[in-house]
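For reference, the structure discussed in these notes is given below.
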Amino acid sequence: MQYDPIKRSLGKVFNQTPALRKLFYRLLDLLLLRAWHVRKELKNLPLGADCSILDAGSGFGQYTYRMSRLFPKSTILAVDVKEEQIADCNRFFTQIHQSNRVRFEEADLTKFVQPERFDLVLSIDVMEHIEEDVLVFKNFYQSLKTGGVVLISTPSDQGGSDAHDHDHEEGGVHGFIDEHVRDGYNIAEIETKLKSAGFSRVEARYSYGCPGKISWRLSMKYPIQLLGVSKLFFIILPFWYVLVFPISAVLNYFDVKNTHSSGTGLIVKAIK
């Protein structure tokens, strides 16, 4: 399934005013289990008030906005390969009077290096889209200050892209989301790759355990599949989430609180 056209359709609905954009971010924070895990990790990071942050693969700017509120004195550079999203996010942060410390730029992570500039590099659902992942990890390492942290959320090899249910075709992994180039990471693989890039300490854990997998299907997979069939399903989405969200919220809570022996997602921290 092509995920980007659906995201663009949602963007057109919620980008009409800053208030709607903030509502969209809030809804994503509530519905996306990865946002729950990332929020937990960000709150536990020992970052100074005036920290410098790179959002590597910023997309809609959801996590940039969250970090701008969580670290109100920070400076944030957010980069992405999609020019239209960069312009859109810069416009939004100008409208909410945050452009003095939050900026979006177009950049290719396989080439992007800002030597020893950042205290934190955040990379959420990005590495599964990039073939040259070790090169990107090396760029992250060079761009971090000593003691800096890279925080990564990415699918695991336990079926994170639902690719196990489909045939692998030339040119990438064709599962629930066709844009992925690999069928997730296992913990040993991503730890080895990050250490080969120079990181001295790497911590990885599974997310999307049993409760998370159920929540993801209810809150994300099934609605996106319906929207892939017809945009008319936008009409029934509010009613779907009225029924589903209380269940998903409880499942998300237990997924974040529990330790999982396996899961379809990974949360990875690497320290320079």
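Residues in the structure tokens are named by chain (A, B, ... in the order shown) and by number from 1 within that chain; ligands are numbered from 1 in the order shown.
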
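The neighbours of A:Asn15 here are the residues that come within 12 Å of it, using only C-alpha atoms and leaving out any residue fewer than 2 positions away in the same chain; they are Lys7, Arg8, Ser9, Leu10, Gly11, Lys12, Val13, Thr17, Pro18, Ala19, Leu20, Arg21, Lys22, Leu23, Phe24, Tyr25, Phe60, Gly61, Gln85, Asp88, Cys89, Arg91, Phe92, Phe93 and Gln95 of chain A.
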
(request) List every residue of stretch 114-161 of chain A that DSSP, applied to the backbone of this structure, assigns to strand (DSSP E), and report them as a list in words. (result)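 Secondary structure check on stretch 114-161 of chain A, strand (DSSP E): Phe118, Asp119, Leu120, Val121, Leu122, Ser123, Ile124, Leu144, Lys145, Thr146, Gly147, Gly148, Val149, Val150, Leu151, Ile152, Ser153, Thr154 and Pro155 of chain A.
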
Could you please take those selected residues and save all heavy atoms as a short mmCIF file (atom, residue, chain, number, x, y, z; two decimals), in the first residue's frame?
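What ended up in again_29.cif:
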data_model
loop_
_atom_site.label_atom_id
_atom_site.label_comp_id
_atom_site.auth_asym_id
_atom_site.auth_seq_id
_atom_site.Cartn_x
_atom_site.Cartn_y
_atom_site.Cartn_z
N PHE A 118 24.80 18.78 17.55
CA PHE A 118 23.54 18.45 18.21
C PHE A 118 23.74 17.64 19.50
O PHE A 118 24.64 16.81 19.60
CB PHE A 118 22.63 17.66 17.26
CG PHE A 118 22.33 18.38 15.98
CD1 PHE A 118 22.95 18.01 14.79
CD2 PHE A 118 21.44 19.44 15.95
CE1 PHE A 118 22.67 18.68 13.60
CE2 PHE A 118 21.17 20.13 14.78
CZ PHE A 118 21.79 19.74 13.60
N ASP A 119 22.84 17.88 20.45
CA ASP A 119 22.77 17.08 21.68
C ASP A 119 21.88 15.85 21.48
O ASP A 119 22.05 14.85 22.17
CB ASP A 119 22.21 17.91 22.83
CG ASP A 119 23.07 19.13 23.14
OD1 ASP A 119 24.17 18.93 23.68
OD2 ASP A 119 22.65 20.25 22.80
N LEU A 120 20.93 15.97 20.57
CA LEU A 120 19.98 14.88 20.31
C LEU A 120 19.69 14.81 18.82
O LEU A 120 19.44 15.84 18.18
CB LEU A 120 18.66 15.12 21.08
CG LEU A 120 17.47 14.22 20.71
CD1 LEU A 120 17.75 12.77 21.07
CD2 LEU A 120 16.19 14.71 21.38
N VAL A 121 19.71 13.59 18.30
CA VAL A 121 19.22 13.32 16.95
C VAL A 121 18.03 12.38 17.09
O VAL A 121 18.16 11.29 17.67
CB VAL A 121 20.28 12.67 16.05
CG1 VAL A 121 19.66 12.27 14.71
CG2 VAL A 121 21.45 13.62 15.82
N LEU A 122 16.88 12.79 16.61
CA LEU A 122 15.67 11.97 16.65
C LEU A 122 15.38 11.45 15.25
O LEU A 122 15.35 12.22 14.28
CB LEU A 122 14.48 12.81 17.15
CG LEU A 122 13.18 12.05 17.35
CD1 LEU A 122 13.25 11.19 18.61
CD2 LEU A 122 11.99 13.01 17.44
N SER A 123 15.14 10.15 15.15
CA SER A 123 14.85 9.53 13.85
C SER A 123 13.69 8.56 14.03
O SER A 123 13.86 7.45 14.54
CB SER A 123 16.09 8.80 13.33
OG SER A 123 15.81 8.12 12.13
N ILE A 124 12.51 8.98 13.61
CA ILE A 124 11.29 8.20 13.85
C ILE A 124 10.75 7.66 12.53
O ILE A 124 10.37 8.42 11.64
CB ILE A 124 10.20 9.06 14.55
CG1 ILE A 124 10.77 9.68 15.82
CG2 ILE A 124 8.97 8.20 14.85
CD1 ILE A 124 11.27 8.69 16.84
N LEU A 144 26.68 14.64 16.21
CA LEU A 144 26.41 14.74 17.64
C LEU A 144 27.62 15.29 18.40
O LEU A 144 28.77 15.01 18.07
CB LEU A 144 26.05 13.37 18.22
CG LEU A 144 24.63 12.87 17.99
CD1 LEU A 144 24.53 11.40 18.37
CD2 LEU A 144 23.62 13.69 18.79
N LYS A 145 27.32 16.04 19.45
CA LYS A 145 28.35 16.41 20.41
C LYS A 145 28.75 15.17 21.23
O LYS A 145 27.98 14.20 21.29
CB LYS A 145 27.84 17.49 21.36
CG LYS A 145 27.39 18.78 20.68
CD LYS A 145 26.78 19.73 21.70
CE LYS A 145 26.22 20.97 21.04
NZ LYS A 145 25.55 21.87 22.02
N THR A 146 29.90 15.22 21.86
CA THR A 146 30.29 14.13 22.76
C THR A 146 29.26 14.01 23.88
O THR A 146 28.91 15.01 24.52
CB THR A 146 31.68 14.39 23.35
OG1 THR A 146 32.62 14.48 22.28
CG2 THR A 146 32.09 13.26 24.29
N GLY A 147 28.78 12.79 24.11
CA GLY A 147 27.73 12.58 25.09
C GLY A 147 26.33 12.72 24.52
O GLY A 147 25.34 12.46 25.21
N GLY A 148 26.24 13.11 23.24
CA GLY A 148 24.94 13.24 22.58
C GLY A 148 24.28 11.90 22.33
O GLY A 148 24.93 10.84 22.33
N VAL A 149 22.97 11.95 22.08
CA VAL A 149 22.17 10.74 21.94
C VAL A 149 21.42 10.75 20.62
O VAL A 149 20.88 11.78 20.21
CB VAL A 149 21.13 10.62 23.09
CG1 VAL A 149 20.29 9.36 22.94
CG2 VAL A 149 21.83 10.65 24.44
N VAL A 150 21.38 9.58 19.96
CA VAL A 150 20.45 9.40 18.85
C VAL A 150 19.35 8.47 19.34
O VAL A 150 19.61 7.44 19.97
CB VAL A 150 21.15 8.82 17.59
CG1 VAL A 150 21.82 7.49 17.86
CG2 VAL A 150 20.14 8.67 16.45
N LEU A 151 18.11 8.88 19.10
CA LEU A 151 16.93 8.09 19.50
C LEU A 151 16.20 7.68 18.23
O LEU A 151 15.81 8.53 17.43
CB LEU A 151 16.02 8.92 20.41
CG LEU A 151 14.70 8.28 20.83
CD1 LEU A 151 14.93 6.98 21.61
CD2 LEU A 151 13.89 9.26 21.68
N ILE A 152 16.03 6.37 18.06
CA ILE A 152 15.47 5.81 16.83
C ILE A 152 14.25 4.96 17.15
O ILE A 152 14.27 4.15 18.08
CB ILE A 152 16.51 4.94 16.10
CG1 ILE A 152 17.73 5.77 15.68
CG2 ILE A 152 15.90 4.23 14.89
CD1 ILE A 152 18.90 4.94 15.20
N SER A 153 13.20 5.14 16.37
CA SER A 153 12.06 4.21 16.36
C SER A 153 11.96 3.64 14.96
O SER A 153 11.95 4.40 13.97
CB SER A 153 10.76 4.94 16.73
OG SER A 153 9.64 4.09 16.53
N THR A 154 11.91 2.32 14.85
CA THR A 154 11.90 1.67 13.54
C THR A 154 11.25 0.31 13.66
O THR A 154 11.23 -0.27 14.77
CB THR A 154 13.34 1.55 12.99
OG1 THR A 154 13.31 1.14 11.62
CG2 THR A 154 14.15 0.58 13.81
N PRO A 155 10.70 -0.26 12.59
CA PRO A 155 10.15 -1.62 12.66
C PRO A 155 11.22 -2.65 12.96
O PRO A 155 12.39 -2.49 12.60
CB PRO A 155 9.55 -1.83 11.27
CG PRO A 155 9.32 -0.47 10.73
CD PRO A 155 10.41 0.38 11.29
#

Using only C-alpha atoms, pick whichever of A:Arg182, A:Lys272, A:Arg117, A:Lys111 has the shortest atom-to-atom distance to A:Ile130.
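Comparing A:Arg182, A:Lys272, A:Arg117, A:Lys111 against A:Ile130, the winner is A:Arg182.
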
Using only C-alpha atoms, the residue out of A:Phe112, A:Val102, A:Lys213, A:Val126 with shortest distance to A:Gly59 is A:Val126

Point to revise | Contacts of stretch 244-251 of chain A within 9 Å, only C-alpha atoms, excl. fewer than 4 positions in-chain, as a list in words | key: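 Returned residues: Leu30, Leu31, Leu33, Cys210, Pro211, Gly212, Lys213, Ile214, Ser215, Trp216, Leu218, Ser219, Phe239, Trp240, Asp255 and Val256 of chain A.
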
Q.
Would you pick out the contacts of stretch 40-42 of chain A at 10 Å or less, using only C-alpha atoms, so that residues sharing its chain but fewer than 2 positions from it are not included, and give the list as an MDAnalysis selection string?
A. chainID A and resid 34:38 44:47 66:67 70:71 120 122 151 256:257 267:269

Go ahead and save the picked residues with C-alpha atoms, as a PDB file, in the first residue's frame.
ATOM      1  CA  ARG A  34       5.218   4.969  18.614  1.00  0.00           C
ATOM      2  CA  ALA A  35       4.402   8.497  19.840  1.00  0.00           C
ATOM      3  CA  TRP A  36       3.708   7.081  23.311  1.00  0.00           C
ATOM      4  CA  HIS A  37       7.087   5.310  23.341  1.00  0.00           C
ATOM      5  CA  VAL A  38       8.949   8.341  21.989  1.00  0.00           C
ATOM      6  CA  ASN A  44      13.811  10.560  30.420  1.00  0.00           C
ATOM      7  CA  LEU A  45      16.681  12.090  28.435  1.00  0.00           C
ATOM      8  CA  PRO A  46      19.112  14.244  30.467  1.00  0.00           C
ATOM      9  CA  LEU A  47      19.062  17.198  28.083  1.00  0.00           C
ATOM     10  CA  ARG A  66       6.382  17.958  20.546  1.00  0.00           C
ATOM     11  CA  MET A  67      10.076  18.612  21.213  1.00  0.00           C
ATOM     12  CA  LEU A  70       8.998  19.679  25.805  1.00  0.00           C
ATOM     13  CA  PHE A  71      12.273  21.631  25.494  1.00  0.00           C
ATOM     14  CA  LEU A 120      19.980  14.882  20.306  1.00  0.00           C
ATOM     15  CA  LEU A 122      15.670  11.973  16.651  1.00  0.00           C
ATOM     16  CA  LEU A 151      16.935   8.092  19.498  1.00  0.00           C
ATOM     17  CA  VAL A 256       4.664   1.246  27.021  1.00  0.00           C
ATOM     18  CA  LYS A 257       4.737   0.022  30.641  1.00  0.00           C
ATOM     19  CA  ILE A 267      13.198   1.729  20.301  1.00  0.00           C
ATOM     20  CA  VAL A 268      16.947   2.325  20.090  1.00  0.00           C
ATOM     21  CA  LYS A 269      19.224   4.782  21.925  1.00  0.00           C
TER      22      LYS A 269
END

Practice item. Just the alpha helix (DSSP H) stuff from stretch 27-214 of chain A, please, per backbone DSSP, written as a PyMOL selection string. Key: chain A and resi 27-31+33-43+62-70+83-95+133-143+187-196+210-214

request  = May I ask which of the residues A:Ile271, A:Ile224, A:Cys51, A:Leu109 is the closest one to A:Val81, counting only C-alpha atoms?
outcome  =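 Nearest to A:Val81: A:Leu109.
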
message = What's around A:Gly263 at 8 Å? Count only C-alpha atoms, leave out sequence neighbours fewer than 4 positions away in its own chain, and write the answer as an NGL selection string.
response = :A and (156 or 158 or 160 or 206-210 or 213)

Across A:Ser58, A:Glu83, A:Thr110, A:His97, the smallest distance to A:Asp125, with only C-alpha atoms counted, is shown by A:Ser58

Taking only C-alpha atoms into account, which of A:Ile86, A:Met127, A:Leu32, A:Leu226 comes nearest A:Asn252?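 Of A:Ile86, A:Met127, A:Leu32, A:Leu226, the one nearest A:Asn252, counting only C-alpha atoms, is A:Leu32.
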
Which value, in Å to one decimal, gives the distance between atom CA of A:Phe137 and atom CA of A:Ser74?
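Between atom CA of A:Phe137 and atom CA of A:Ser74 the gap is 22.9 Å.
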
In terms of only C-alpha atoms, the residue from A:Lys231, A:Met220, A:Asp183, A:Glu189 at minimal distance from A:Leu28 is A:Met220
